[in-house]
Amino acid sequence: MPTFVQILDFVGTFAFAISGIRLASAKRFDWFGAYVVGFVTAIGGGTIRDLLLDVTPGWMTDPIYLICTGLALLWVILFSKTLIHLNNTFFIFDSIGLALFTVVGMGKSLALGYPVWVAIIMGSLTGAAGGVIRDVFINEIPLIFRKEIYAMACVFGGIIYWLCQQAGLGSYGCQIVCGISVFLIRILSVKYKICLPTLKGSSD
Amino acid sequence: MPTFVQILDFVGTFAFAISGIRLASAKRFDWFGAYVVGFVTAIGGGTIRDLLLDVTPGWMTDPIYLICTGLALLWVILFSKTLIHLNNTFFIFDSIGLALFTVVGMGKSLALGYPVWVAIIMGSLTGAAGGVIRDVFINEIPLIFRKEIYAMACVFGGIIYWLCQQAGLGSYGCQIVCGISVFLIRILSVKYKICLPTLKGSSD
Amino acid sequence: MPTFVQILDFVGTFAFAISGIRLASAKRFDWFGAYVVGFVTAIGGGTIRDLLLDVTPGWMTDPIYLICTGLALLWVILFSKTLIHLNNTFFIFDSIGLALFTVVGMGKSLALGYPVWVAIIMGSLTGAAGGVIRDVFINEIPLIFRKEIYAMACVFGGIIYWLCQQAGLGSYGCQIVCGISVFLIRILSVKYKICLPTLKGSSD
């Protein structure tokens with residue numbers, strides 16, 4: 001029987017894959033292209049993290065991520081007309097994925113003995129880098145560089161993890177507080193339209 | 001004296017490099033840019049595979065790929081006007097490269113002890129990921145996500161490899177059947193204009 | 001107290017980060033996006049090199065690169081109006097960075113026992129690949145593939161390193177001659193508008 005974390009991991013992977021597949025479908029990708037973009041959105045961040053940490057990427061040890069992306073593709077093919085009514089649901093799922101992936105990325109880095117500032121970067125990469133590769137593949141400027149609080153939610157969550165650790169909380173407690181923080185920061189920043197300032201164009 | 005496989009490897013590398021150099025030249029890249037795009041088209045897929053498998057990329061152990069790309073650049077510079085008449089020849093060479101790279105990628109992964117589904121992905125990456133990096137560099141949506149059976153030929157070839165293995169065929173026999181399958185699937189799908197379905201745009 | 005090389009490293013990182021942040025600001029990235037693009041411009045080349053050499057990327061062992069990118073972002077935010085008058089200064093800084101990064105990349109590869117032709121590629125990657133990732137992120141064709149002598153300065157510098165080594169010069173001497181060569185080739189090629197030939201479009 002899957003654990004609670006495995007179920008959340010599945011939900012997050014599914015939501016990330018859906019986001020990749022939908023953006024790919026808007027660009028008229030074929031099923032294969034959509035599948036690849038969905039898969040890379042889901043596992044790209046963790047793969048970059050694992051290459052940097054010099055460990056075997058998680059998806060190479062368990063076919064669940066391939067299967068989960070396949071189910072996401074099937075879902076989009078079957079229910080593409082009704083998907084637009086589920087935007088809110090996917091937003092919640094995506095935020096769950098973001099929170100969980102951040103916690104997983106941080107935990108893995110800390111377990112390997114890296115300092116907390118490296119772990120915060122690895123948590124943010126796990127959560128947000130898949131979306132950057134997705135946007136490069138569909139030939140758009142990565143969304144997270146221009147709009148909304150997305151990767152910054154991971155960074156803040158990582159800092160909160162570190163503060164909890166400093167306050168003497170156990171690693172299980174740190175992870176729960178960190179995950180909830182990422183989730184809430186993401187949800188609230190979208191609800192209240194909180195953005196970072198934009199740089200004024202000063203290039204030649 | 002080079003073996004038969006080494007000659008095929010050279011032919012495939014040359015064809016992949018030519019494809020990168022020609023697309024770069026259409027975008028008015030200089031000689032250096034064209035060389036880099038050609039080189040990355042040829043070795044990019046194998047490099048990503050080797051990073052994921054945590055082994056030293058093949059081109060770092062033998063300068064033949066650098067030399068081969070140099071010859072491809074020289075060829076395009078000298079014969080750019082006549083190249084268009086050779087489209088069919090390059091298509092055959094490219095398909096040979098695709099087949100061989102798939103077999104090499106699968107073989108390397110299986111030899112390292114990975115399960116067959118990982119090997120199929122690694123074979124497809126070896127064959128098709130170089131073209132994706134090429135298209136990112138020339139700022140186009142990767143061709144293989146939108147048109148024609150390309151990476152899917154690698155995937156089908158990989159599945160056929162596995163079926164042969166299940167049927168008790170030796171690894172040498174599996175490789176030959178797999179390579180011929182990839183080559184034929186690619187050639188026939190282009191000849192008979194077989195495509196995958198496209199997803200209908202459903203994104204917001 | 002920092003050594004002379006560490007100061008040059010700081011100057012180079014700062015200049016590379018500024019170049020990324022300014023191009024990001026021209027595309028209306030927010031502060032976070034600009035920071036990421038600046039950081040990747042500065043450390044992207046070295047990271048790809050370290051992944052290929054299978055060693056831990058330098059920026060994961062010392063937070064100085066994160067801090068340096070933060071200072072570069074602060075600088076651009078505070079002085080964006082006056083930056084345009086400093087173009088010449090940044091060009092010099094950027095060339096210092098290019099020279100130093102090439103030397104560092106070559107030295108690291110040679111110290112790990114790689115042949116000199118691999119070291120030349122690693123030096124060029126260290127100097128120039130960050131700018132390629134920067135241009136992919138801002139959705140432009142990489143500048144170094146189309147205009148000016150940039151990565152070619154690294155390649156020539158690397159060949160000069162090898163010639164010095166063949167002439168019996170010690171590794172310290174080789175590094176100084178190589179660094180000065182990269183710097184001068186870059187500066188002079190821009191001053192005298194020396195470019196590589198462009199390929200004529202021959203693609204279908």
# chains A, B, ... in the order shown; residues from 1 in each chain; ligands from 1
>>> interface_residues(of="chain B", to="chain A", cutoff="7 Å", atoms="only C-alpha atoms", output="list in words")
Leu52, Val118, Asn139, Glu140, Ile141, Pro142, Ile144, Phe145, Arg146, Leu196, Pro197, Thr198, Leu199, Lys200, Gly201, Ser202 and Ser203 of chain B
>>> calpha_fit_and_write(fixed="chain A", moving="chain C", output="mmCIF file with C-alpha atoms, in the first residue's frame")
data_model
loop_
_atom_site.group_PDB
_atom_site.id
_atom_site.type_symbol
_atom_site.label_atom_id
_atom_site.label_comp_id
_atom_site.auth_asym_id
_atom_site.auth_seq_id
_atom_site.Cartn_x
_atom_site.Cartn_y
_atom_site.Cartn_z
ATOM 1 C CA MET C 1 0.067 -0.023 -0.041
ATOM 2 C CA PRO C 2 1.402 3.408 -0.953
ATOM 3 C CA THR C 3 2.275 5.789 1.858
ATOM 4 C CA PHE C 4 0.799 9.278 2.253
ATOM 5 C CA VAL C 5 3.982 10.827 0.794
ATOM 6 C CA GLN C 6 3.856 8.487 -2.216
ATOM 7 C CA ILE C 7 0.249 9.536 -2.891
ATOM 8 C CA LEU C 8 1.264 13.218 -2.699
ATOM 9 C CA ASP C 9 4.208 12.455 -5.021
ATOM 10 C CA PHE C 10 1.810 10.852 -7.498
ATOM 11 C CA VAL C 11 -0.579 13.829 -7.282
ATOM 12 C CA GLY C 12 2.290 16.287 -7.815
ATOM 13 C CA THR C 13 3.764 14.347 -10.745
ATOM 14 C CA PHE C 14 0.324 14.073 -12.339
ATOM 15 C CA ALA C 15 -0.329 17.818 -11.967
ATOM 16 C CA PHE C 16 3.110 18.774 -13.325
ATOM 17 C CA ALA C 17 2.708 16.380 -16.275
ATOM 18 C CA ILE C 18 -0.763 17.800 -17.028
ATOM 19 C CA SER C 19 0.683 21.324 -17.063
ATOM 20 C CA GLY C 20 3.347 20.276 -19.570
ATOM 21 C CA ILE C 21 0.924 18.332 -21.768
ATOM 22 C CA ARG C 22 -1.605 21.191 -21.903
ATOM 23 C CA LEU C 23 0.990 23.765 -22.909
ATOM 24 C CA ALA C 24 2.358 21.326 -25.504
ATOM 25 C CA SER C 25 -1.125 20.760 -26.890
ATOM 26 C CA ALA C 26 -1.607 24.528 -27.274
ATOM 27 C CA LYS C 27 1.441 24.432 -29.565
ATOM 28 C CA ARG C 28 0.020 21.474 -31.578
ATOM 29 C CA PHE C 29 2.580 18.923 -30.403
ATOM 30 C CA ASP C 30 1.789 15.339 -31.306
ATOM 31 C CA TRP C 31 1.118 12.717 -28.606
ATOM 32 C CA PHE C 32 4.750 11.791 -28.336
ATOM 33 C CA GLY C 33 5.891 15.423 -28.001
ATOM 34 C CA ALA C 34 3.197 16.116 -25.422
ATOM 35 C CA TYR C 35 4.212 13.027 -23.439
ATOM 36 C CA VAL C 36 7.889 14.043 -23.445
ATOM 37 C CA VAL C 37 7.101 17.621 -22.399
ATOM 38 C CA GLY C 38 4.788 16.352 -19.637
ATOM 39 C CA PHE C 39 7.408 13.894 -18.419
ATOM 40 C CA VAL C 40 10.192 16.476 -18.442
ATOM 41 C CA THR C 41 7.997 18.983 -16.586
ATOM 42 C CA ALA C 42 7.405 16.371 -13.884
ATOM 43 C CA ILE C 43 10.897 14.904 -13.519
ATOM 44 C CA GLY C 44 13.187 17.571 -15.041
ATOM 45 C CA GLY C 45 13.818 19.474 -11.827
ATOM 46 C CA GLY C 46 14.607 16.345 -9.836
ATOM 47 C CA THR C 47 16.875 15.108 -12.630
ATOM 48 C CA ILE C 48 18.969 18.301 -12.665
ATOM 49 C CA ARG C 49 19.173 18.107 -8.856
ATOM 50 C CA ASP C 50 20.315 14.476 -8.974
ATOM 51 C CA LEU C 51 22.920 15.213 -11.670
ATOM 52 C CA LEU C 52 24.308 18.035 -9.495
ATOM 53 C CA LEU C 53 24.255 15.823 -6.377
ATOM 54 C CA ASP C 54 25.803 12.976 -8.415
ATOM 55 C CA VAL C 55 23.143 10.374 -7.579
ATOM 56 C CA THR C 56 20.976 8.305 -9.937
ATOM 57 C CA PRO C 57 17.824 10.237 -10.952
ATOM 58 C CA GLY C 58 14.763 8.914 -9.121
ATOM 59 C CA TRP C 59 12.743 8.163 -12.263
ATOM 60 C CA MET C 60 15.437 5.704 -13.418
ATOM 61 C CA THR C 61 14.767 3.482 -10.412
ATOM 62 C CA ASP C 62 10.950 3.325 -10.553
ATOM 63 C CA PRO C 63 8.687 3.349 -13.658
ATOM 64 C CA ILE C 64 5.867 5.016 -11.691
ATOM 65 C CA TYR C 65 6.729 8.445 -13.168
ATOM 66 C CA LEU C 66 6.492 7.107 -16.727
ATOM 67 C CA ILE C 67 3.142 5.483 -15.934
ATOM 68 C CA CYS C 68 1.858 8.579 -14.164
ATOM 69 C CA THR C 69 2.737 10.755 -17.197
ATOM 70 C CA GLY C 70 0.985 8.219 -19.448
ATOM 71 C CA LEU C 71 -2.176 8.521 -17.343
ATOM 72 C CA ALA C 72 -1.926 12.318 -17.511
ATOM 73 C CA LEU C 73 -1.696 12.154 -21.332
ATOM 74 C CA LEU C 74 -4.688 9.802 -21.478
ATOM 75 C CA TRP C 75 -6.629 12.168 -19.248
ATOM 76 C CA VAL C 76 -5.902 15.174 -21.484
ATOM 77 C CA ILE C 77 -6.786 13.212 -24.649
ATOM 78 C CA LEU C 78 -10.081 11.983 -23.209
ATOM 79 C CA PHE C 79 -11.235 15.039 -21.288
ATOM 80 C CA SER C 80 -9.590 17.960 -23.085
ATOM 81 C CA LYS C 81 -12.908 19.809 -23.354
ATOM 82 C CA THR C 82 -13.748 19.675 -19.680
ATOM 83 C CA LEU C 83 -10.215 20.386 -18.449
ATOM 84 C CA ILE C 84 -10.736 24.119 -18.551
ATOM 85 C CA HIS C 85 -13.332 23.838 -15.785
ATOM 86 C CA LEU C 86 -10.777 22.097 -13.622
ATOM 87 C CA ASN C 87 -8.190 24.884 -13.707
ATOM 88 C CA ASN C 88 -8.686 25.534 -10.011
ATOM 89 C CA THR C 89 -8.254 21.879 -9.120
ATOM 90 C CA PHE C 90 -5.049 21.659 -11.169
ATOM 91 C CA PHE C 91 -3.763 24.811 -9.525
ATOM 92 C CA ILE C 92 -4.205 23.184 -6.101
ATOM 93 C CA PHE C 93 -2.597 19.933 -7.318
ATOM 94 C CA ASP C 94 0.291 21.857 -8.868
ATOM 95 C CA SER C 95 0.861 23.714 -5.588
ATOM 96 C CA ILE C 96 0.833 20.408 -3.700
ATOM 97 C CA GLY C 97 3.456 19.128 -6.151
ATOM 98 C CA LEU C 98 5.544 22.272 -5.742
ATOM 99 C CA ALA C 99 5.479 21.955 -1.944
ATOM 100 C CA LEU C 100 6.244 18.255 -1.904
ATOM 101 C CA PHE C 101 9.002 18.431 -4.526
ATOM 102 C CA THR C 102 10.678 21.237 -2.546
ATOM 103 C CA VAL C 103 10.615 19.181 0.657
ATOM 104 C CA VAL C 104 11.876 16.055 -1.132
ATOM 105 C CA GLY C 105 14.699 18.018 -2.818
ATOM 106 C CA MET C 106 15.783 19.649 0.442
ATOM 107 C CA GLY C 107 15.599 16.403 2.380
ATOM 108 C CA LYS C 108 17.678 14.510 -0.183
ATOM 109 C CA SER C 109 20.402 17.210 -0.209
ATOM 110 C CA LEU C 110 20.579 17.468 3.585
ATOM 111 C CA ALA C 111 20.728 13.678 3.893
ATOM 112 C CA LEU C 112 23.753 13.724 1.567
ATOM 113 C CA GLY C 113 25.471 16.165 3.928
ATOM 114 C CA TYR C 114 25.182 19.386 1.914
ATOM 115 C CA PRO C 115 24.843 22.712 3.760
ATOM 116 C CA VAL C 116 21.370 24.205 4.094
ATOM 117 C CA TRP C 117 21.904 26.921 1.447
ATOM 118 C CA VAL C 118 22.698 24.243 -1.143
ATOM 119 C CA ALA C 119 19.629 22.298 0.024
ATOM 120 C CA ILE C 120 17.413 25.381 -0.481
ATOM 121 C CA ILE C 121 18.668 25.705 -4.074
ATOM 122 C CA MET C 122 18.150 21.972 -4.663
ATOM 123 C CA GLY C 123 14.612 22.170 -3.238
ATOM 124 C CA SER C 124 13.808 25.098 -5.527
ATOM 125 C CA LEU C 125 15.342 23.315 -8.543
ATOM 126 C CA THR C 126 13.257 20.213 -7.788
ATOM 127 C CA GLY C 127 10.094 22.299 -7.637
ATOM 128 C CA ALA C 128 10.639 24.799 -10.411
ATOM 129 C CA ALA C 129 13.284 23.679 -12.944
ATOM 130 C CA GLY C 130 10.978 21.213 -14.712
ATOM 131 C CA GLY C 131 8.746 24.131 -15.690
ATOM 132 C CA VAL C 132 11.748 25.991 -17.087
ATOM 133 C CA ILE C 133 12.691 23.067 -19.368
ATOM 134 C CA ARG C 134 9.014 22.791 -20.385
ATOM 135 C CA ASP C 135 8.991 26.450 -21.450
ATOM 136 C CA VAL C 136 12.305 26.089 -23.334
ATOM 137 C CA PHE C 137 10.840 23.098 -25.228
ATOM 138 C CA ILE C 138 7.695 24.990 -26.234
ATOM 139 C CA ASN C 139 9.928 27.934 -27.197
ATOM 140 C CA GLU C 140 8.585 30.463 -24.671
ATOM 141 C CA ILE C 141 10.401 32.596 -22.118
ATOM 142 C CA PRO C 142 10.178 30.616 -18.845
ATOM 143 C CA LEU C 143 7.024 31.743 -17.032
ATOM 144 C CA ILE C 144 8.596 31.651 -13.580
ATOM 145 C CA PHE C 145 11.116 34.342 -14.561
ATOM 146 C CA ARG C 146 8.446 36.877 -15.388
ATOM 147 C CA LYS C 147 5.268 36.330 -13.439
ATOM 148 C CA GLU C 148 3.944 35.288 -10.086
ATOM 149 C CA ILE C 149 5.664 33.914 -7.020
ATOM 150 C CA TYR C 150 6.596 30.335 -7.928
ATOM 151 C CA ALA C 151 10.212 29.402 -7.320
ATOM 152 C CA MET C 152 10.360 32.142 -4.674
ATOM 153 C CA ALA C 153 7.773 30.124 -2.696
ATOM 154 C CA CYS C 154 10.320 27.262 -2.674
ATOM 155 C CA VAL C 155 13.099 29.597 -1.550
ATOM 156 C CA PHE C 156 10.992 31.062 1.274
ATOM 157 C CA GLY C 157 9.875 27.557 2.280
ATOM 158 C CA GLY C 158 13.519 26.510 2.384
ATOM 159 C CA ILE C 159 14.434 29.446 4.611
ATOM 160 C CA ILE C 160 11.524 28.555 6.928
ATOM 161 C CA TYR C 161 12.871 24.971 7.029
ATOM 162 C CA TRP C 162 16.219 26.340 8.159
ATOM 163 C CA LEU C 163 14.611 28.610 10.798
ATOM 164 C CA CYS C 164 12.660 25.626 12.185
ATOM 165 C CA GLN C 165 15.887 23.614 12.275
ATOM 166 C CA GLN C 166 17.629 26.448 14.142
ATOM 167 C CA ALA C 167 14.683 26.530 16.599
ATOM 168 C CA GLY C 168 15.375 22.891 17.405
ATOM 169 C CA LEU C 169 12.515 21.266 15.477
ATOM 170 C CA GLY C 170 13.118 17.670 14.288
ATOM 171 C CA SER C 171 13.572 16.987 10.565
ATOM 172 C CA TYR C 172 10.034 15.581 10.255
ATOM 173 C CA GLY C 173 8.558 18.740 11.767
ATOM 174 C CA CYS C 174 10.760 20.960 9.591
ATOM 175 C CA GLN C 175 9.534 19.153 6.482
ATOM 176 C CA ILE C 176 5.853 19.565 7.346
ATOM 177 C CA VAL C 177 6.217 23.280 8.188
ATOM 178 C CA CYS C 178 8.310 23.822 5.026
ATOM 179 C CA GLY C 179 5.795 22.043 2.783
ATOM 180 C CA ILE C 180 2.800 23.897 4.222
ATOM 181 C CA SER C 181 4.681 27.204 3.869
ATOM 182 C CA VAL C 182 5.485 26.636 0.184
ATOM 183 C CA PHE C 183 1.861 25.650 -0.465
ATOM 184 C CA LEU C 184 0.407 28.674 1.342
ATOM 185 C CA ILE C 185 2.883 31.204 -0.106
ATOM 186 C CA ARG C 186 2.059 29.971 -3.604
ATOM 187 C CA ILE C 187 -1.717 29.956 -3.082
ATOM 188 C CA LEU C 188 -1.863 33.317 -1.287
ATOM 189 C CA SER C 189 0.471 35.096 -3.714
ATOM 190 C CA VAL C 190 -1.766 34.089 -6.630
ATOM 191 C CA LYS C 191 -4.990 34.927 -4.751
ATOM 192 C CA TYR C 192 -3.718 38.391 -3.764
ATOM 193 C CA LYS C 193 -1.743 38.919 -7.000
ATOM 194 C CA ILE C 194 1.526 39.461 -5.170
ATOM 195 C CA CYS C 195 4.436 39.774 -7.615
ATOM 196 C CA LEU C 196 8.097 40.651 -7.474
ATOM 197 C CA PRO C 197 9.125 43.980 -8.997
ATOM 198 C CA THR C 198 10.214 43.929 -12.619
ATOM 199 C CA LEU C 199 13.530 45.340 -13.732
ATOM 200 C CA LYS C 200 13.337 48.296 -16.060
ATOM 201 C CA GLY C 201 14.893 47.568 -19.437
ATOM 202 C CA SER C 202 18.363 49.068 -19.465
ATOM 203 C CA SER C 203 20.088 46.910 -22.036
ATOM 204 C CA ASP C 204 21.595 48.366 -25.147
#
>>> select_by_dssp(residues="range 10-201 of chain A", states="alpha helix (DSSP H)", output="ChimeraX atom specification")
/A:10-26,31-53,64-79,87-111,116-137,151-166,171-191
